[in-house]
file input_4.pdb (PDB, C-alpha atoms)
ATOM      1  CA  MET A   1     132.414 139.839  94.349
ATOM      2  CA  HIS A   2     132.257 138.881  90.691
ATOM      3  CA  LEU A   3     129.255 137.140  89.202
ATOM      4  CA  ALA A   4     131.468 134.288  88.000
ATOM      5  CA  TYR A   5     132.063 132.810  91.468
ATOM      6  CA  PRO A   6     128.457 132.035  92.408
ATOM      7  CA  ALA A   7     127.690 131.074  88.796
ATOM      8  CA  VAL A   8     130.490 128.497  88.749
ATOM      9  CA  LEU A   9     129.434 127.169  92.164
ATOM     10  CA  ALA A  10     125.833 126.908  90.959
ATOM     11  CA  ALA A  11     126.965 125.092  87.817
ATOM     12  CA  LEU A  12     128.943 122.600  89.923
ATOM     13  CA  LEU A  13     125.965 122.048  92.233
ATOM     14  CA  PHE A  14     123.624 121.575  89.287
ATOM     15  CA  CYS A  15     125.972 119.118  87.555
ATOM     16  CA  THR A  16     126.360 117.147  90.788
ATOM     17  CA  GLY A  17     122.583 116.996  91.147
ATOM     18  CA  LEU A  18     122.141 116.002  87.517
ATOM     19  CA  TYR A  19     124.659 113.189  87.948
ATOM     20  CA  GLY A  20     122.791 112.035  91.040
ATOM     21  CA  VAL A  21     119.469 111.972  89.181
ATOM     22  CA  LEU A  22     120.878 110.068  86.220
ATOM     23  CA  ALA A  23     123.166 107.614  88.029
ATOM     24  CA  ARG A  24     121.434 106.746  91.297
ATOM     25  CA  ARG A  25     118.917 103.961  91.746
ATOM     26  CA  ASN A  26     117.676 104.801  95.225
ATOM     27  CA  ALA A  27     114.632 107.070  95.168
ATOM     28  CA  ILE A  28     115.676 109.042  98.250
ATOM     29  CA  LEU A  29     119.070 109.851  96.715
ATOM     30  CA  VAL A  30     117.314 110.990  93.546
ATOM     31  CA  LEU A  31     115.156 113.342  95.612
ATOM     32  CA  MET A  32     118.272 114.710  97.321
ATOM     33  CA  SER A  33     119.853 115.279  93.920
ATOM     34  CA  VAL A  34     116.785 117.211  92.771
ATOM     35  CA  GLU A  35     117.154 119.372  95.877
ATOM     36  CA  LEU A  36     120.775 120.088  94.902
ATOM     37  CA  MET A  37     119.611 121.189  91.477
ATOM     38  CA  LEU A  38     116.964 123.477  92.989
ATOM     39  CA  ASN A  39     119.555 125.000  95.326
ATOM     40  CA  ALA A  40     121.770 125.731  92.339
ATOM     41  CA  VAL A  41     118.867 127.555  90.711
ATOM     42  CA  ASN A  42     118.286 129.506  93.933
ATOM     43  CA  LEU A  43     121.931 130.515  94.059
ATOM     44  CA  ASN A  44     121.763 131.754  90.476
ATOM     45  CA  LEU A  45     118.569 133.706  91.158
ATOM     46  CA  VAL A  46     120.074 135.523  94.132
ATOM     47  CA  ALA A  47     123.433 136.123  92.430
ATOM     48  CA  PHE A  48     121.868 137.593  89.305
ATOM     49  CA  ASP A  49     119.463 139.643  91.405
ATOM     50  CA  VAL A  50     122.356 141.225  93.289
ATOM     51  CA  TRP A  51     124.295 141.747  90.066
ATOM     52  CA  LEU A  52     121.354 143.365  88.271
ATOM     53  CA  SER A  53     120.420 145.525  91.273
ATOM     54  CA  ARG A  54     123.849 147.171  91.122
ATOM     55  CA  ALA A  55     123.239 148.149  87.509
ATOM     56  CA  ALA A  56     119.643 149.319  87.975
ATOM     57  CA  GLU A  57     118.667 152.353  89.984
ATOM     58  CA  GLU A  58     115.493 150.759  91.355
ATOM     59  CA  THR A  59     115.972 147.532  93.237
ATOM     60  CA  LEU A  60     112.982 145.231  93.117
ATOM     61  CA  HIS A  61     114.772 142.098  94.351
ATOM     62  CA  SER A  62     112.593 139.889  92.205
ATOM     63  CA  GLY A  63     115.258 137.154  92.169
ATOM     64  CA  GLN A  64     115.120 136.868  95.934
ATOM     65  CA  ALA A  65     111.320 136.726  95.853
ATOM     66  CA  LEU A  66     111.467 133.949  93.258
ATOM     67  CA  THR A  67     113.946 132.139  95.492
ATOM     68  CA  LEU A  68     111.410 132.136  98.320
ATOM     69  CA  PHE A  69     108.812 130.598  96.001
ATOM     70  CA  THR A  70     111.334 127.993  94.859
ATOM     71  CA  ILE A  71     112.133 127.078  98.467
ATOM     72  CA  ALA A  72     108.427 126.658  99.218
ATOM     73  CA  ILE A  73     107.932 124.465  96.147
ATOM     74  CA  ALA A  74     111.015 122.401  97.062
ATOM     75  CA  ALA A  75     109.685 121.827 100.581
ATOM     76  CA  ALA A  76     106.338 120.656  99.224
ATOM     77  CA  GLU A  77     108.064 118.458  96.654
ATOM     78  CA  ILE A  78     110.267 116.779  99.236
ATOM     79  CA  GLY A  79     107.330 116.185 101.576
ATOM     80  CA  ILE A  80     105.149 114.617  98.905
ATOM     81  CA  GLY A  81     108.082 112.745  97.369
ATOM     82  CA  LEU A  82     109.132 111.188 100.664
ATOM     83  CA  ALA A  83     105.539 110.198 101.408
ATOM     84  CA  ILE A  84     105.304 108.454  98.036
ATOM     85  CA  VAL A  85     108.672 106.726  98.503
ATOM     86  CA  LEU A  86     107.685 105.479 101.966
ATOM     87  CA  ALA A  87     104.336 104.199 100.698
ATOM     88  CA  VAL A  88     106.012 102.374  97.804
ATOM     89  CA  TYR A  89     108.668 100.947 100.123
ATOM     90  CA  ARG A  90     106.009  99.612 102.490
ATOM     91  CA  ALA A  91     104.045  98.084  99.626
ATOM     92  CA  ARG A  92     106.885  96.554  97.613
ATOM     93  CA  GLY A  93     109.806  96.357 100.048
ATOM     94  CA  THR A  94     112.250  98.283  97.857
ATOM     95  CA  SER A  95     112.973 101.833  96.809
ATOM     96  CA  ASP A  96     115.052 100.827  93.777
ATOM     97  CA  ILE A  97     113.868 102.928  90.834
ATOM     98  CA  ASP A  98     114.691 100.299  88.202
ATOM     99  CA  ARG A  99     112.526  97.686  89.923
ATOM    100  CA  LEU A 100     109.695 100.167  90.365
ATOM    101  CA  ARG A 101     109.884 101.108  86.705
ATOM    102  CA  ASP A 102     109.662  97.440  85.700
ATOM    103  CA  THR A 103     106.551  96.890  87.804
ATOM    104  CA  ALA A 104     104.931 100.026  86.389
ATOM    105  CA  GLU A 105     105.418  98.751  82.832
ATOM    106  CA  GLY A 106     103.688  95.469  83.644
ATOM    107  CA  HIS A 107     106.752  93.215  83.855
ATOM    108  CA  GLU A 108     105.971  91.868  87.315
ATOM    109  CA  SER A 109     107.703  88.585  88.021
ATOM    110  CA  ASP A 110     105.801  87.939  91.283
ATOM    111  CA  ILE A 111     102.533  87.012  89.548
ATOM    112  CA  PRO A 112     102.574  83.457  88.133
ATOM    113  CA  GLU A 113     101.235  83.093  84.640
ATOM    114  CA  THR A 114      98.055  81.024  84.341
ATOM    115  CA  ASP A 115      97.018  78.922  81.390
ATOM    116  CA  THR A 116      93.697  80.308  80.172
ATOM    117  CA  ALA A 117      92.916  77.276  77.980
ATOM    118  CA  GLU A 118      92.508  74.954  80.970
ATOM    119  CA  THR A 119      90.415  77.301  83.076
ATOM    120  CA  GLY A 120      86.831  77.839  82.141
ATOM    121  CA  PRO A 121      83.950  79.438  83.965
ATOM    122  CA  GLY A 122      82.959  76.170  85.682
ATOM    123  CA  THR A 123      86.377  74.865  86.728
ATOM    124  CA  GLU A 124      87.920  75.008  90.200
ATOM    125  CA  LYS A 125      90.932  77.033  89.044
ATOM    126  CA  ALA A 126      88.732  79.899  87.902
ATOM    127  CA  GLU A 127      86.989  79.946  91.287
ATOM    128  CA  ALA A 128      90.299  79.873  93.158
ATOM    129  CA  THR A 129      91.763  82.775  91.226
ATOM    130  CA  ALA A 130      88.613  84.896  91.345
TER     131      ALA A 130
END

call {"tool": "encode", "arguments": {"input": "input_4.pdb", "output": "structure tokens"}}
result
Amino acid sequence: MHLAYPAVLAALLFCTGLYGVLARRNAILVLMSVELMLNAVNLNLVAFDVWLSRAAEETLHSGQALTLFTIAIAAAEIGIGLAIVLAVYRARGTSDIDRLRDTAEGHESDIPETDTAETGPGTEKAEATA
């Protein structure tokens, strides 16, 4: 088998994952797209390892060993990522990335603005908000 076939397939997988990361708003779909990108990298590592082992007399299979590390890192990333997404969904009720980004920048619309000129340390409004 030529090296071009798995390389083209890996490029298609990576581009599909990149599109998913850039175009999707749901956090779970973004995590799935990152997994597609990591699988494309794994495919390239194994394909180039096989291709280079044919040319070299000693076969170390370092590409396949790196693939195992990448799979372990991807499993940890998906576990931690899903835990974070579930915690954020329980707290805010949405997994939309654009809304989460707005709340992280301090543009929350849920908190009503208070007039600081009317509230002093001895007024009832300051005691109610504190």

call {"tool": "closest_residue", "arguments": {"input": "input_4.pdb", "among": "A:Arg24, A:Ala10, A:Tyr5, A:Thr16", "to": "Asp98 of chain A", "atoms": "all atoms listed in the file"}}
result
A:Arg24

call {"tool": "closest_residue", "arguments": {"input": "input_4.pdb", "among": "A:Leu82, A:Ala11, A:Ala55, A:Leu45", "to": "Val30 of chain A", "atoms": "only C-alpha atoms"}}
result
A:Leu82

call {"tool": "resolve_selection", "arguments": {"input": "input_4.pdb", "expression": "the PyMOL selection byres ((chain A and resi 29) around 12)", "output": "NGL selection string"}}
result
:A and (16-28 or 30-36 or 78 or 81-82 or 85 or 95-97)

call {"tool": "atom_distance", "arguments": {"input": "input_4.pdb", "atom1": "atom CA of Leu68 of chain A", "atom2": "atom CA of Asp49 of chain A"}}
result
13.0 Å

call {"tool": "atom_distance", "arguments": {"input": "input_4.pdb", "atom1": "atom CA of Cys15 of chain A", "atom2": "atom CA of Met37 of chain A"}}
result
7.8 Å

call {"tool": "atom_distance", "arguments": {"input": "input_4.pdb", "atom1": "atom CA of Arg92 of chain A", "atom2": "atom CA of Ala75 of chain A"}}
result
25.6 Å

call {"tool": "axis_aligned_box", "arguments": {"input": "input_4.pdb", "around": "segment 55-73 of chain A", "padding_each_side": "5 Å", "output": "AutoDock Vina command-line options"}}
result
--center_x 115.6 --center_y 138.4 --center_z 93.4 --size_x 25.3 --size_y 37.9 --size_z 21.7

call {"tool": "decode", "arguments": {"input": "input_4.pdb", "residues": "segment 24-77 of chain A", "atoms": "C-alpha atoms", "output": "compact mmCIF listing (two decimals), in the first residue's frame"}}
result
# COMPACT_ATOMS: atom_id res chain seq x y z
CA ARG A 24 -19.86 23.88 16.14
CA ARG A 25 -21.33 25.55 19.19
CA ASN A 26 -22.07 22.49 21.28
CA ALA A 27 -19.19 21.58 23.59
CA ILE A 28 -19.68 17.82 23.21
CA LEU A 29 -19.48 18.08 19.41
CA VAL A 30 -16.29 20.12 19.77
CA LEU A 31 -14.80 17.37 21.93
CA MET A 32 -15.77 14.78 19.32
CA SER A 33 -14.11 16.89 16.64
CA VAL A 34 -10.91 17.04 18.69
CA GLU A 35 -11.02 13.25 18.90
CA LEU A 36 -11.27 13.09 15.09
CA MET A 37 -8.19 15.27 14.82
CA LEU A 38 -6.28 13.07 17.27
CA ASN A 39 -7.27 9.96 15.31
CA ALA A 40 -5.94 11.56 12.15
CA VAL A 41 -2.63 12.13 13.91
CA ASN A 42 -2.62 8.50 15.08
CA LEU A 43 -3.22 7.30 11.54
CA ASN A 44 -0.32 9.39 10.28
CA LEU A 45 1.97 8.11 13.03
CA VAL A 46 1.26 4.47 12.22
CA ALA A 47 1.40 4.98 8.45
CA PHE A 48 4.75 6.76 8.57
CA ASP A 49 6.08 4.21 11.03
CA VAL A 50 5.26 1.38 8.64
CA TRP A 51 6.66 3.33 5.70
CA LEU A 52 9.92 4.16 7.49
CA SER A 53 10.33 0.63 8.86
CA ARG A 54 10.44 -0.72 5.30
CA ALA A 55 13.31 1.62 4.49
CA ALA A 56 15.27 1.04 7.71
CA GLU A 57 16.89 -2.24 8.62
CA GLU A 58 16.09 -1.92 12.33
CA THR A 59 12.44 -1.51 13.18
CA LEU A 60 11.82 0.38 16.38
CA HIS A 61 8.11 1.06 15.79
CA SER A 62 8.34 4.38 17.57
CA GLY A 63 5.29 5.69 15.68
CA GLN A 64 3.13 2.92 17.09
CA ALA A 65 4.44 3.59 20.60
CA LEU A 66 3.62 7.29 20.21
CA THR A 67 0.15 6.29 19.03
CA LEU A 68 -0.42 4.41 22.28
CA PHE A 69 0.56 7.52 24.26
CA THR A 70 -1.76 9.64 22.11
CA ILE A 71 -4.65 7.25 22.73
CA ALA A 72 -4.03 7.43 26.48
CA ILE A 73 -3.92 11.23 26.41
CA ALA A 74 -7.10 11.33 24.30
CA ALA A 75 -8.92 9.10 26.79
CA ALA A 76 -7.89 11.33 29.68
CA GLU A 77 -8.85 14.44 27.72
